[in-house]
Amino acid sequence: MSSLTPHLPRLDGHLFLTDGGLETSLIFHHGLDLPCFAAFPLVLSEAGRLQLDHYFQPFLRTAARHRLGFVLDTPTWRANADWGARLGFSAHAMNEVNREAVTWAQALRAEHAAPEANILINGVLGPRGDGYKVEARMSAQQAQDYHRAQITSLTQAGAELISAYTLNYSEEAIGIARAAAELGIPLAISFTVETDGKLASGESLGEAIQRTDQASAIPPLYFMINCAHPTHFENVLDTEADWLRRIGGLRANASAKSHAELDASESLDDGDPLDLGRRYQTLRRRMPQLSVLGGCCGTDHRHVAAICEACLAP
C-alpha cells in the first residue's frame, strides 16, 4: 500500500475508476454459484479470495495504466443482517465477514501499491430488501439503527469510504447517512431507477437526493446512480437543477432491459461496451463533476475500459 493517505473522490471531475458487475461476472463469466446474489462468503476461503483477486485485477491495471484513482469495493453488498440470516450467518458472523472483506481489500491494494497509486478501500452496503422493489419500507430512524452494525464493522476494520448501492427510497438513504455521520466515515449514496427514471418508490431522482441532503446533519459526499442503463435516466439529467451537481458517479448496467426483465433472464445481456462508453462520455461532458465511473449488472472489464477511454478522449 502506498504510504500516502488515499484522496477521496470529490465533485471536481478528478477521475476515479471502479469495477463492473461483480456478481453477474462471477456467475456468468467465472461459473460461480452465488445464492441470494451474495459474493461476501468468498472472503472466508483462500479459493474465494483468489476468485475476487482475479476479478478485480484487470480493473486495477487499467486505472494504473491511465494514472487514475480507483475505488476498491468490498464484496459486501449483501452482507447485512437480513441477507446474512437467509444464508445461515449469525450477527456475530456477519461482523466477522465485513471485517474480513476489508482485510481482503487491503491485501489486494498492497499488491498494487505504487507511489502514484490512489486506491481507496470502499465499504459497500446494499439495501435491506430487494434493490428492485420497495419491501418493508423503513423510517429513517429504523434504517439508521439497522445499517449501523455493518457500517461500524467496515469502518472499524479500516474502510475509508462507505458506499450504499441500489437504494430505492429516500428514508433508507437518510438513515444510512445519519449512521455514517454518527461514525465519522465519508459516505456516497447510490440510487437505482426504473425505466422511467424514477425510484421504485415513485420518487424522482431529484426528490430523493434533495430529501437525503436536507435530512442529513452531514450530507453524503456525493450521490451516484447504479443498476440502470443510461437510457433509463439520461432524460432526467437534462436539467439545470441544483441537485444534478450532487451526482458524482455512475455505475450503469450493460443491458437496457428493465429490472423485471433482468430478474427473469437466465442469460447475461452484456450490451455494447463501446456504446456504453459513448453514453458515459456524453453524460460527463454535460456533468463535468462526475468523478467515479464503473459498471453494474452485465458489465465487466471491457465495459469499464471502454468507459475510461471514451471519457479520457479529448
# chains A, B, ... in the order shown; residues from 1 in each chain; ligands from 1
$ residues_around --residues "segment 131-141 of chain A" --least-positions-apart "5" --cutoff "8 Å" --atoms "only C-alpha atoms" --output "ChimeraX atom specification"
/A:126,166-169,171-175,192,200-201,259-260
$ write_last_selection --atoms "N, CA and C atoms" --output "PDB file, in the first residue's frame"
ATOM      1  N   GLY A 126     -25.659  -2.562   0.800  1.00  0.00           N
ATOM      2  CA  GLY A 126     -26.794  -2.693  -0.107  1.00  0.00           C
ATOM      3  C   GLY A 126     -28.074  -2.437   0.649  1.00  0.00           C
ATOM      4  N   THR A 166     -27.747   0.803  -4.873  1.00  0.00           N
ATOM      5  CA  THR A 166     -29.036   0.220  -5.263  1.00  0.00           C
ATOM      6  C   THR A 166     -30.138   0.538  -4.259  1.00  0.00           C
ATOM      7  N   LEU A 167     -30.120   1.733  -3.709  1.00  0.00           N
ATOM      8  CA  LEU A 167     -31.195   2.158  -2.820  1.00  0.00           C
ATOM      9  C   LEU A 167     -32.371   2.649  -3.658  1.00  0.00           C
ATOM     10  N   ASN A 168     -33.580   2.406  -3.150  1.00  0.00           N
ATOM     11  CA  ASN A 168     -34.749   2.746  -3.958  1.00  0.00           C
ATOM     12  C   ASN A 168     -35.809   3.549  -3.223  1.00  0.00           C
ATOM     13  N   TYR A 169     -35.459   4.088  -2.043  1.00  0.00           N
ATOM     14  CA  TYR A 169     -36.327   5.069  -1.391  1.00  0.00           C
ATOM     15  C   TYR A 169     -35.487   5.913  -0.445  1.00  0.00           C
ATOM     16  N   GLU A 171     -35.869   7.305   2.613  1.00  0.00           N
ATOM     17  CA  GLU A 171     -35.717   7.091   4.049  1.00  0.00           C
ATOM     18  C   GLU A 171     -34.542   6.177   4.377  1.00  0.00           C
ATOM     19  N   GLU A 172     -34.334   5.152   3.565  1.00  0.00           N
ATOM     20  CA  GLU A 172     -33.194   4.262   3.819  1.00  0.00           C
ATOM     21  C   GLU A 172     -31.887   5.017   3.604  1.00  0.00           C
ATOM     22  N   ALA A 173     -31.844   5.845   2.576  1.00  0.00           N
ATOM     23  CA  ALA A 173     -30.645   6.661   2.329  1.00  0.00           C
ATOM     24  C   ALA A 173     -30.383   7.622   3.481  1.00  0.00           C
ATOM     25  N   ILE A 174     -31.433   8.238   4.000  1.00  0.00           N
ATOM     26  CA  ILE A 174     -31.273   9.184   5.111  1.00  0.00           C
ATOM     27  C   ILE A 174     -30.748   8.468   6.347  1.00  0.00           C
ATOM     28  N   GLY A 175     -31.305   7.291   6.648  1.00  0.00           N
ATOM     29  CA  GLY A 175     -30.839   6.534   7.803  1.00  0.00           C
ATOM     30  C   GLY A 175     -29.383   6.141   7.684  1.00  0.00           C
ATOM     31  N   THR A 192     -30.944   3.563  -7.459  1.00  0.00           N
ATOM     32  CA  THR A 192     -31.269   2.908  -8.721  1.00  0.00           C
ATOM     33  C   THR A 192     -32.637   3.390  -9.173  1.00  0.00           C
ATOM     34  N   ALA A 200     -38.085   3.116  -7.454  1.00  0.00           N
ATOM     35  CA  ALA A 200     -39.207   2.188  -7.312  1.00  0.00           C
ATOM     36  C   ALA A 200     -40.258   2.726  -6.344  1.00  0.00           C
ATOM     37  N   SER A 201     -39.862   3.617  -5.447  1.00  0.00           N
ATOM     38  CA  SER A 201     -40.788   4.248  -4.505  1.00  0.00           C
ATOM     39  C   SER A 201     -41.714   5.243  -5.183  1.00  0.00           C
ATOM     40  N   HIS A 259     -35.630  -3.851 -14.831  1.00  0.00           N
ATOM     41  CA  HIS A 259     -35.264  -4.709 -13.710  1.00  0.00           C
ATOM     42  C   HIS A 259     -36.066  -6.004 -13.723  1.00  0.00           C
ATOM     43  N   ALA A 260     -37.351  -5.926 -14.058  1.00  0.00           N
ATOM     44  CA  ALA A 260     -38.181  -7.127 -14.107  1.00  0.00           C
ATOM     45  C   ALA A 260     -37.680  -8.089 -15.183  1.00  0.00           C
TER      46      ALA A 260
END
$ select_by_dssp --residues "segment 12-256 of chain A" --states "strand (DSSP E or B)" --output "compact mmCIF listing (two decimals) with N, CA and C atoms, in the first residue's frame"
# COMPACT_ATOMS: atom_id res chain seq x y z
N PHE A 16 -11.85 8.82 -10.92
CA PHE A 16 -11.60 7.53 -10.30
C PHE A 16 -12.36 6.48 -11.11
N LEU A 17 -11.73 5.34 -11.31
CA LEU A 17 -12.44 4.18 -11.84
C LEU A 17 -12.88 3.29 -10.69
N GLY A 69 -7.27 7.32 -10.04
CA GLY A 69 -7.63 6.74 -8.77
C GLY A 69 -8.53 5.53 -8.97
N PHE A 70 -8.64 4.72 -7.93
CA PHE A 70 -9.50 3.53 -8.01
C PHE A 70 -10.25 3.34 -6.71
N VAL A 71 -11.55 3.17 -6.81
CA VAL A 71 -12.40 2.89 -5.65
C VAL A 71 -12.58 1.37 -5.58
N LEU A 72 -11.91 0.75 -4.61
CA LEU A 72 -11.88 -0.71 -4.48
C LEU A 72 -12.99 -1.14 -3.52
N ASP A 73 -14.02 -1.75 -4.06
CA ASP A 73 -15.19 -2.14 -3.27
C ASP A 73 -14.96 -3.43 -2.49
N ILE A 119 -5.60 4.21 -4.34
CA ILE A 119 -6.60 3.15 -4.26
C ILE A 119 -7.32 3.28 -2.92
N LEU A 120 -8.61 3.46 -3.01
CA LEU A 120 -9.44 3.74 -1.84
C LEU A 120 -10.23 2.50 -1.44
N ILE A 121 -10.19 2.12 -0.17
CA ILE A 121 -10.97 0.98 0.31
C ILE A 121 -12.38 1.46 0.60
N ASN A 122 -13.33 0.91 -0.14
CA ASN A 122 -14.72 1.35 -0.11
C ASN A 122 -15.59 0.25 0.50
N GLY A 123 -16.12 0.51 1.69
CA GLY A 123 -17.01 -0.45 2.34
C GLY A 123 -18.40 -0.35 1.75
N VAL A 124 -18.87 -1.44 1.14
CA VAL A 124 -20.12 -1.42 0.38
C VAL A 124 -21.30 -1.91 1.20
N LEU A 125 -22.39 -1.16 1.14
CA LEU A 125 -23.68 -1.54 1.69
C LEU A 125 -24.67 -1.75 0.55
N LEU A 161 -14.14 4.83 3.00
CA LEU A 161 -15.36 5.40 2.44
C LEU A 161 -16.42 4.32 2.56
N ILE A 162 -17.67 4.72 2.76
CA ILE A 162 -18.81 3.81 2.70
C ILE A 162 -19.63 4.20 1.49
N SER A 163 -20.03 3.21 0.70
CA SER A 163 -20.94 3.48 -0.42
C SER A 163 -22.14 2.55 -0.31
N ALA A 164 -23.33 3.13 -0.34
CA ALA A 164 -24.57 2.36 -0.29
C ALA A 164 -25.18 2.34 -1.69
N TYR A 165 -25.22 1.16 -2.29
CA TYR A 165 -25.67 1.00 -3.68
C TYR A 165 -27.11 0.48 -3.76
N THR A 166 -27.75 0.80 -4.87
CA THR A 166 -29.04 0.22 -5.26
C THR A 166 -30.14 0.54 -4.26
N LEU A 167 -30.12 1.73 -3.71
CA LEU A 167 -31.20 2.16 -2.82
C LEU A 167 -32.37 2.65 -3.66
N LEU A 187 -19.36 9.15 3.08
CA LEU A 187 -20.40 8.31 2.51
C LEU A 187 -20.76 8.76 1.10
N ALA A 188 -21.00 7.77 0.23
CA ALA A 188 -21.63 8.01 -1.06
C ALA A 188 -22.94 7.22 -1.09
N ILE A 189 -23.99 7.82 -1.59
CA ILE A 189 -25.31 7.19 -1.71
C ILE A 189 -25.61 7.00 -3.19
N SER A 190 -25.97 5.78 -3.56
CA SER A 190 -26.28 5.49 -4.96
C SER A 190 -27.71 4.97 -5.07
N PHE A 191 -28.51 5.67 -5.85
CA PHE A 191 -29.89 5.25 -6.09
C PHE A 191 -29.98 4.47 -7.40
N LYS A 198 -37.45 7.10 -12.47
CA LYS A 198 -37.87 7.29 -11.08
C LYS A 198 -37.45 6.10 -10.23
N SER A 204 -38.90 10.97 -7.63
CA SER A 204 -37.96 11.33 -8.69
C SER A 204 -36.55 11.30 -8.12
N TYR A 222 -21.18 12.57 -2.00
CA TYR A 222 -21.77 12.70 -3.33
C TYR A 222 -22.81 11.61 -3.50
N PHE A 223 -23.58 11.71 -4.57
CA PHE A 223 -24.57 10.71 -4.92
C PHE A 223 -24.14 10.01 -6.21
N MET A 224 -24.71 8.83 -6.44
CA MET A 224 -24.44 8.08 -7.66
C MET A 224 -25.76 7.52 -8.19
N ILE A 225 -25.70 7.01 -9.40
CA ILE A 225 -26.78 6.21 -9.99
C ILE A 225 -26.17 4.86 -10.36
N ASN A 226 -26.82 3.77 -9.98
CA ASN A 226 -26.31 2.47 -10.39
C ASN A 226 -27.45 1.51 -10.70
N ILE A 247 -24.52 14.74 -8.11
CA ILE A 247 -24.24 13.41 -8.64
C ILE A 247 -22.78 13.35 -9.05
N GLY A 248 -22.02 12.47 -8.38
CA GLY A 248 -20.58 12.38 -8.62
C GLY A 248 -20.12 11.08 -9.22
N GLY A 249 -21.05 10.14 -9.48
CA GLY A 249 -20.61 8.87 -10.02
C GLY A 249 -21.72 8.12 -10.74
N LEU A 250 -21.32 7.25 -11.67
CA LEU A 250 -22.24 6.41 -12.42
C LEU A 250 -21.73 4.98 -12.46
N ARG A 251 -22.64 4.04 -12.23
CA ARG A 251 -22.34 2.61 -12.42
C ARG A 251 -23.56 2.00 -13.11
N ALA A 252 -23.58 2.10 -14.42
CA ALA A 252 -24.75 1.70 -15.20
C ALA A 252 -24.72 0.21 -15.53
$ select_by_dssp --residues "segment 133-298 of chain A" --states "alpha helix (DSSP H)" --output "ChimeraX atom specification"
/A:140-157,170-183,205-215,230-233,259-264,273-286
$ residues_around --residues "Gly184 of chain A" --least-positions-apart "5" --cutoff "12 Å" --atoms "only C-alpha atoms" --output "PyMOL selection string"
chain A and resi 148+151-152+155-156+159-162+177-179+217-220
$ write_last_selection --atoms "N, CA and C atoms" --output "PDB file, in the first residue's frame"
ATOM      1  N   ARG A 148     -26.416   0.555  11.022  1.00  0.00           N
ATOM      2  CA  ARG A 148     -25.300   0.962  11.873  1.00  0.00           C
ATOM      3  C   ARG A 148     -24.305  -0.184  12.082  1.00  0.00           C
ATOM      4  N   ILE A 151     -22.008  -0.692   8.989  1.00  0.00           N
ATOM      5  CA  ILE A 151     -21.116   0.453   8.820  1.00  0.00           C
ATOM      6  C   ILE A 151     -20.035   0.437   9.900  1.00  0.00           C
ATOM      7  N   THR A 152     -20.414   0.084  11.117  1.00  0.00           N
ATOM      8  CA  THR A 152     -19.446   0.010  12.211  1.00  0.00           C
ATOM      9  C   THR A 152     -18.370  -1.026  11.920  1.00  0.00           C
ATOM     10  N   THR A 155     -16.098   0.231   9.070  1.00  0.00           N
ATOM     11  CA  THR A 155     -15.302   1.381   9.485  1.00  0.00           C
ATOM     12  C   THR A 155     -14.192   0.974  10.438  1.00  0.00           C
ATOM     13  N   GLN A 156     -14.525   0.177  11.437  1.00  0.00           N
ATOM     14  CA  GLN A 156     -13.526  -0.246  12.412  1.00  0.00           C
ATOM     15  C   GLN A 156     -12.447  -1.121  11.780  1.00  0.00           C
ATOM     16  N   ALA A 159     -12.142   0.598   6.450  1.00  0.00           N
ATOM     17  CA  ALA A 159     -12.705   1.215   5.239  1.00  0.00           C
ATOM     18  C   ALA A 159     -12.522   2.725   5.317  1.00  0.00           C
ATOM     19  N   GLU A 160     -12.251   3.345   4.176  1.00  0.00           N
ATOM     20  CA  GLU A 160     -12.008   4.790   4.113  1.00  0.00           C
ATOM     21  C   GLU A 160     -13.202   5.563   3.572  1.00  0.00           C
ATOM     22  N   LEU A 161     -14.138   4.834   3.000  1.00  0.00           N
ATOM     23  CA  LEU A 161     -15.358   5.398   2.443  1.00  0.00           C
ATOM     24  C   LEU A 161     -16.421   4.318   2.556  1.00  0.00           C
ATOM     25  N   ILE A 162     -17.666   4.719   2.763  1.00  0.00           N
ATOM     26  CA  ILE A 162     -18.805   3.810   2.699  1.00  0.00           C
ATOM     27  C   ILE A 162     -19.634   4.201   1.487  1.00  0.00           C
ATOM     28  N   ALA A 177     -27.122   7.720   5.895  1.00  0.00           N
ATOM     29  CA  ALA A 177     -26.335   8.955   6.021  1.00  0.00           C
ATOM     30  C   ALA A 177     -26.153   9.342   7.481  1.00  0.00           C
ATOM     31  N   ARG A 178     -27.198   9.196   8.265  1.00  0.00           N
ATOM     32  CA  ARG A 178     -27.099   9.541   9.684  1.00  0.00           C
ATOM     33  C   ARG A 178     -26.172   8.574  10.429  1.00  0.00           C
ATOM     34  N   ALA A 179     -26.256   7.283  10.092  1.00  0.00           N
ATOM     35  CA  ALA A 179     -25.377   6.314  10.754  1.00  0.00           C
ATOM     36  C   ALA A 179     -23.918   6.555  10.387  1.00  0.00           C
ATOM     37  N   ALA A 217     -27.571  15.571   8.854  1.00  0.00           N
ATOM     38  CA  ALA A 217     -26.736  16.586   9.508  1.00  0.00           C
ATOM     39  C   ALA A 217     -25.422  16.767   8.762  1.00  0.00           C
ATOM     40  N   ILE A 218     -24.860  15.655   8.308  1.00  0.00           N
ATOM     41  CA  ILE A 218     -23.684  15.682   7.439  1.00  0.00           C
ATOM     42  C   ILE A 218     -24.099  15.008   6.137  1.00  0.00           C
ATOM     43  N   PRO A 219     -24.362  15.760   5.089  1.00  0.00           N
ATOM     44  CA  PRO A 219     -24.832  15.158   3.842  1.00  0.00           C
ATOM     45  C   PRO A 219     -23.793  14.215   3.240  1.00  0.00           C
ATOM     46  N   PRO A 220     -24.238  13.274   2.394  1.00  0.00           N
ATOM     47  CA  PRO A 220     -23.282  12.413   1.697  1.00  0.00           C
ATOM     48  C   PRO A 220     -22.237  13.228   0.935  1.00  0.00           C
TER      49      PRO A 220
END
$ residues_around --residues "His303 of chain A" --least-positions-apart "3" --cutoff "9 Å" --atoms "only C-alpha atoms" --output "list in words"
Gly20, Ala254, Asp270, Asp272, Pro273, Leu274, Leu276, Gly277, Gly294, Gly295, Thr299, Asp300, Ala306, Ile307 and Cys308 of chain A
$ closest_residue --among "A:His232, A:His7, A:His112, A:His147" --to "Phe59 of chain A" --atoms "only C-alpha atoms"
A:His112
$ residues_around --residues "Pro41 of chain A" --least-positions-apart "4" --cutoff "9 Å" --atoms "only C-alpha atoms" --output "ChimeraX atom specification"
/A:34,45,48,75-76,79,97
$ write_last_selection --atoms "N, CA and C atoms" --output "PDB file, in the first residue's frame"
ATOM      1  N   LEU A  34     -23.788 -18.149  -6.635  1.00  0.00           N
ATOM      2  CA  LEU A  34     -23.883 -17.148  -5.577  1.00  0.00           C
ATOM      3  C   LEU A  34     -25.322 -17.106  -5.074  1.00  0.00           C
ATOM      4  N   SER A  45     -12.657 -17.899   2.359  1.00  0.00           N
ATOM      5  CA  SER A  45     -11.787 -19.003   1.936  1.00  0.00           C
ATOM      6  C   SER A  45     -10.691 -18.478   1.025  1.00  0.00           C
ATOM      7  N   GLY A  48     -11.909 -18.481  -2.542  1.00  0.00           N
ATOM      8  CA  GLY A  48     -12.818 -17.375  -2.821  1.00  0.00           C
ATOM      9  C   GLY A  48     -12.089 -16.059  -2.959  1.00  0.00           C
ATOM     10  N   PRO A  75     -16.757  -6.802  -1.230  1.00  0.00           N
ATOM     11  CA  PRO A  75     -17.880  -7.554  -1.833  1.00  0.00           C
ATOM     12  C   PRO A  75     -19.008  -7.786  -0.838  1.00  0.00           C
ATOM     13  N   THR A  76     -19.509  -6.699  -0.235  1.00  0.00           N
ATOM     14  CA  THR A  76     -20.395  -6.801   0.916  1.00  0.00           C
ATOM     15  C   THR A  76     -21.777  -6.203   0.670  1.00  0.00           C
ATOM     16  N   ALA A  79     -24.107  -8.113   2.613  1.00  0.00           N
ATOM     17  CA  ALA A  79     -23.589  -8.531   3.916  1.00  0.00           C
ATOM     18  C   ALA A  79     -24.231  -7.774   5.074  1.00  0.00           C
ATOM     19  N   VAL A  97     -17.468 -11.262   8.775  1.00  0.00           N
ATOM     20  CA  VAL A  97     -17.437 -11.228   7.310  1.00  0.00           C
ATOM     21  C   VAL A  97     -17.061  -9.837   6.810  1.00  0.00           C
TER      22      VAL A  97
END
$ decode --residues "segment 177-269 of chain A" --atoms "C-alpha atoms" --output "short mmCIF file (atom, residue, chain, number, x, y, z; two decimals), in the first residue's frame"
data_model
loop_
_atom_site.label_atom_id
_atom_site.label_comp_id
_atom_site.auth_asym_id
_atom_site.auth_seq_id
_atom_site.Cartn_x
_atom_site.Cartn_y
_atom_site.Cartn_z
CA ALA A 177 -26.34 8.96 6.02
CA ARG A 178 -27.10 9.54 9.68
CA ALA A 179 -25.38 6.31 10.75
CA ALA A 180 -22.28 7.15 8.70
CA ALA A 181 -22.17 10.66 10.20
CA GLU A 182 -22.51 9.19 13.68
CA LEU A 183 -19.44 7.03 12.99
CA GLY A 184 -17.46 9.77 11.24
CA ILE A 185 -17.00 7.96 7.92
CA PRO A 186 -17.43 9.64 4.49
CA LEU A 187 -20.40 8.31 2.51
CA ALA A 188 -21.63 8.01 -1.06
CA ILE A 189 -25.31 7.19 -1.71
CA SER A 190 -26.28 5.49 -4.96
CA PHE A 191 -29.89 5.25 -6.09
CA THR A 192 -31.27 2.91 -8.72
CA VAL A 193 -34.09 3.92 -11.02
CA GLU A 194 -36.66 2.22 -13.21
CA THR A 195 -37.01 2.70 -16.96
CA ASP A 196 -38.92 5.95 -16.36
CA GLY A 197 -36.01 7.44 -14.42
CA LYS A 198 -37.87 7.29 -11.08
CA LEU A 199 -37.05 5.25 -8.00
CA ALA A 200 -39.21 2.19 -7.31
CA SER A 201 -40.79 4.25 -4.50
CA GLY A 202 -42.16 6.64 -7.12
CA GLU A 203 -39.80 9.42 -6.01
CA SER A 204 -37.96 11.33 -8.69
CA LEU A 205 -34.18 11.18 -8.54
CA GLY A 206 -34.06 14.87 -7.68
CA GLU A 207 -36.56 14.45 -4.85
CA ALA A 208 -34.58 11.56 -3.33
CA ILE A 209 -31.30 13.46 -3.47
CA GLN A 210 -32.81 16.65 -2.02
CA ARG A 211 -34.62 14.79 0.76
CA THR A 212 -31.45 12.94 1.74
CA ASP A 213 -29.35 16.11 1.75
CA GLN A 214 -31.92 18.10 3.73
CA ALA A 215 -32.47 15.42 6.38
CA SER A 216 -28.78 14.62 6.97
CA ALA A 217 -26.74 16.59 9.51
CA ILE A 218 -23.68 15.68 7.44
CA PRO A 219 -24.83 15.16 3.84
CA PRO A 220 -23.28 12.41 1.70
CA LEU A 221 -20.00 13.26 -0.01
CA TYR A 222 -21.77 12.70 -3.33
CA PHE A 223 -24.57 10.71 -4.92
CA MET A 224 -24.44 8.08 -7.66
CA ILE A 225 -26.78 6.21 -9.99
CA ASN A 226 -26.31 2.47 -10.39
CA CYS A 227 -28.04 -0.66 -11.69
CA ALA A 228 -29.87 1.07 -14.55
CA HIS A 229 -28.97 1.65 -18.20
CA PRO A 230 -28.25 5.25 -19.26
CA THR A 231 -31.35 5.20 -21.48
CA HIS A 232 -33.39 4.91 -18.27
CA PHE A 233 -32.07 8.10 -16.70
CA GLU A 234 -30.45 10.28 -19.39
CA ASN A 235 -33.62 12.33 -19.79
CA VAL A 236 -33.97 13.19 -16.08
CA LEU A 237 -30.40 14.52 -16.05
CA ASP A 238 -31.19 17.05 -18.76
CA THR A 239 -31.80 19.84 -16.27
CA GLU A 240 -30.12 22.84 -14.67
CA ALA A 241 -31.43 21.95 -11.20
CA ASP A 242 -29.01 22.28 -8.28
CA TRP A 243 -29.42 18.62 -7.25
CA LEU A 244 -27.83 17.48 -10.51
CA ARG A 245 -24.47 18.84 -9.33
CA ARG A 246 -24.60 16.45 -6.36
CA ILE A 247 -24.24 13.41 -8.64
CA GLY A 248 -20.58 12.38 -8.62
CA GLY A 249 -20.61 8.87 -10.02
CA LEU A 250 -22.24 6.41 -12.42
CA ARG A 251 -22.34 2.61 -12.42
CA ALA A 252 -24.75 1.70 -15.20
CA ASN A 253 -26.00 -1.68 -16.33
CA ALA A 254 -24.84 -3.12 -19.64
CA SER A 255 -28.39 -4.01 -20.63
CA ALA A 256 -31.24 -1.66 -21.45
CA LYS A 257 -33.74 -4.23 -20.12
CA SER A 258 -35.96 -3.34 -17.18
CA HIS A 259 -35.26 -4.71 -13.71
CA ALA A 260 -38.18 -7.13 -14.11
CA GLU A 261 -36.78 -8.41 -17.40
CA LEU A 262 -33.30 -8.83 -15.91
CA ASP A 263 -34.72 -10.69 -12.91
CA ALA A 264 -36.46 -13.16 -15.23
CA SER A 265 -33.48 -13.63 -17.56
CA GLU A 266 -31.45 -16.84 -17.44
CA SER A 267 -28.69 -15.49 -19.69
CA LEU A 268 -26.41 -12.50 -19.49
CA ASP A 269 -27.13 -9.44 -21.60
#
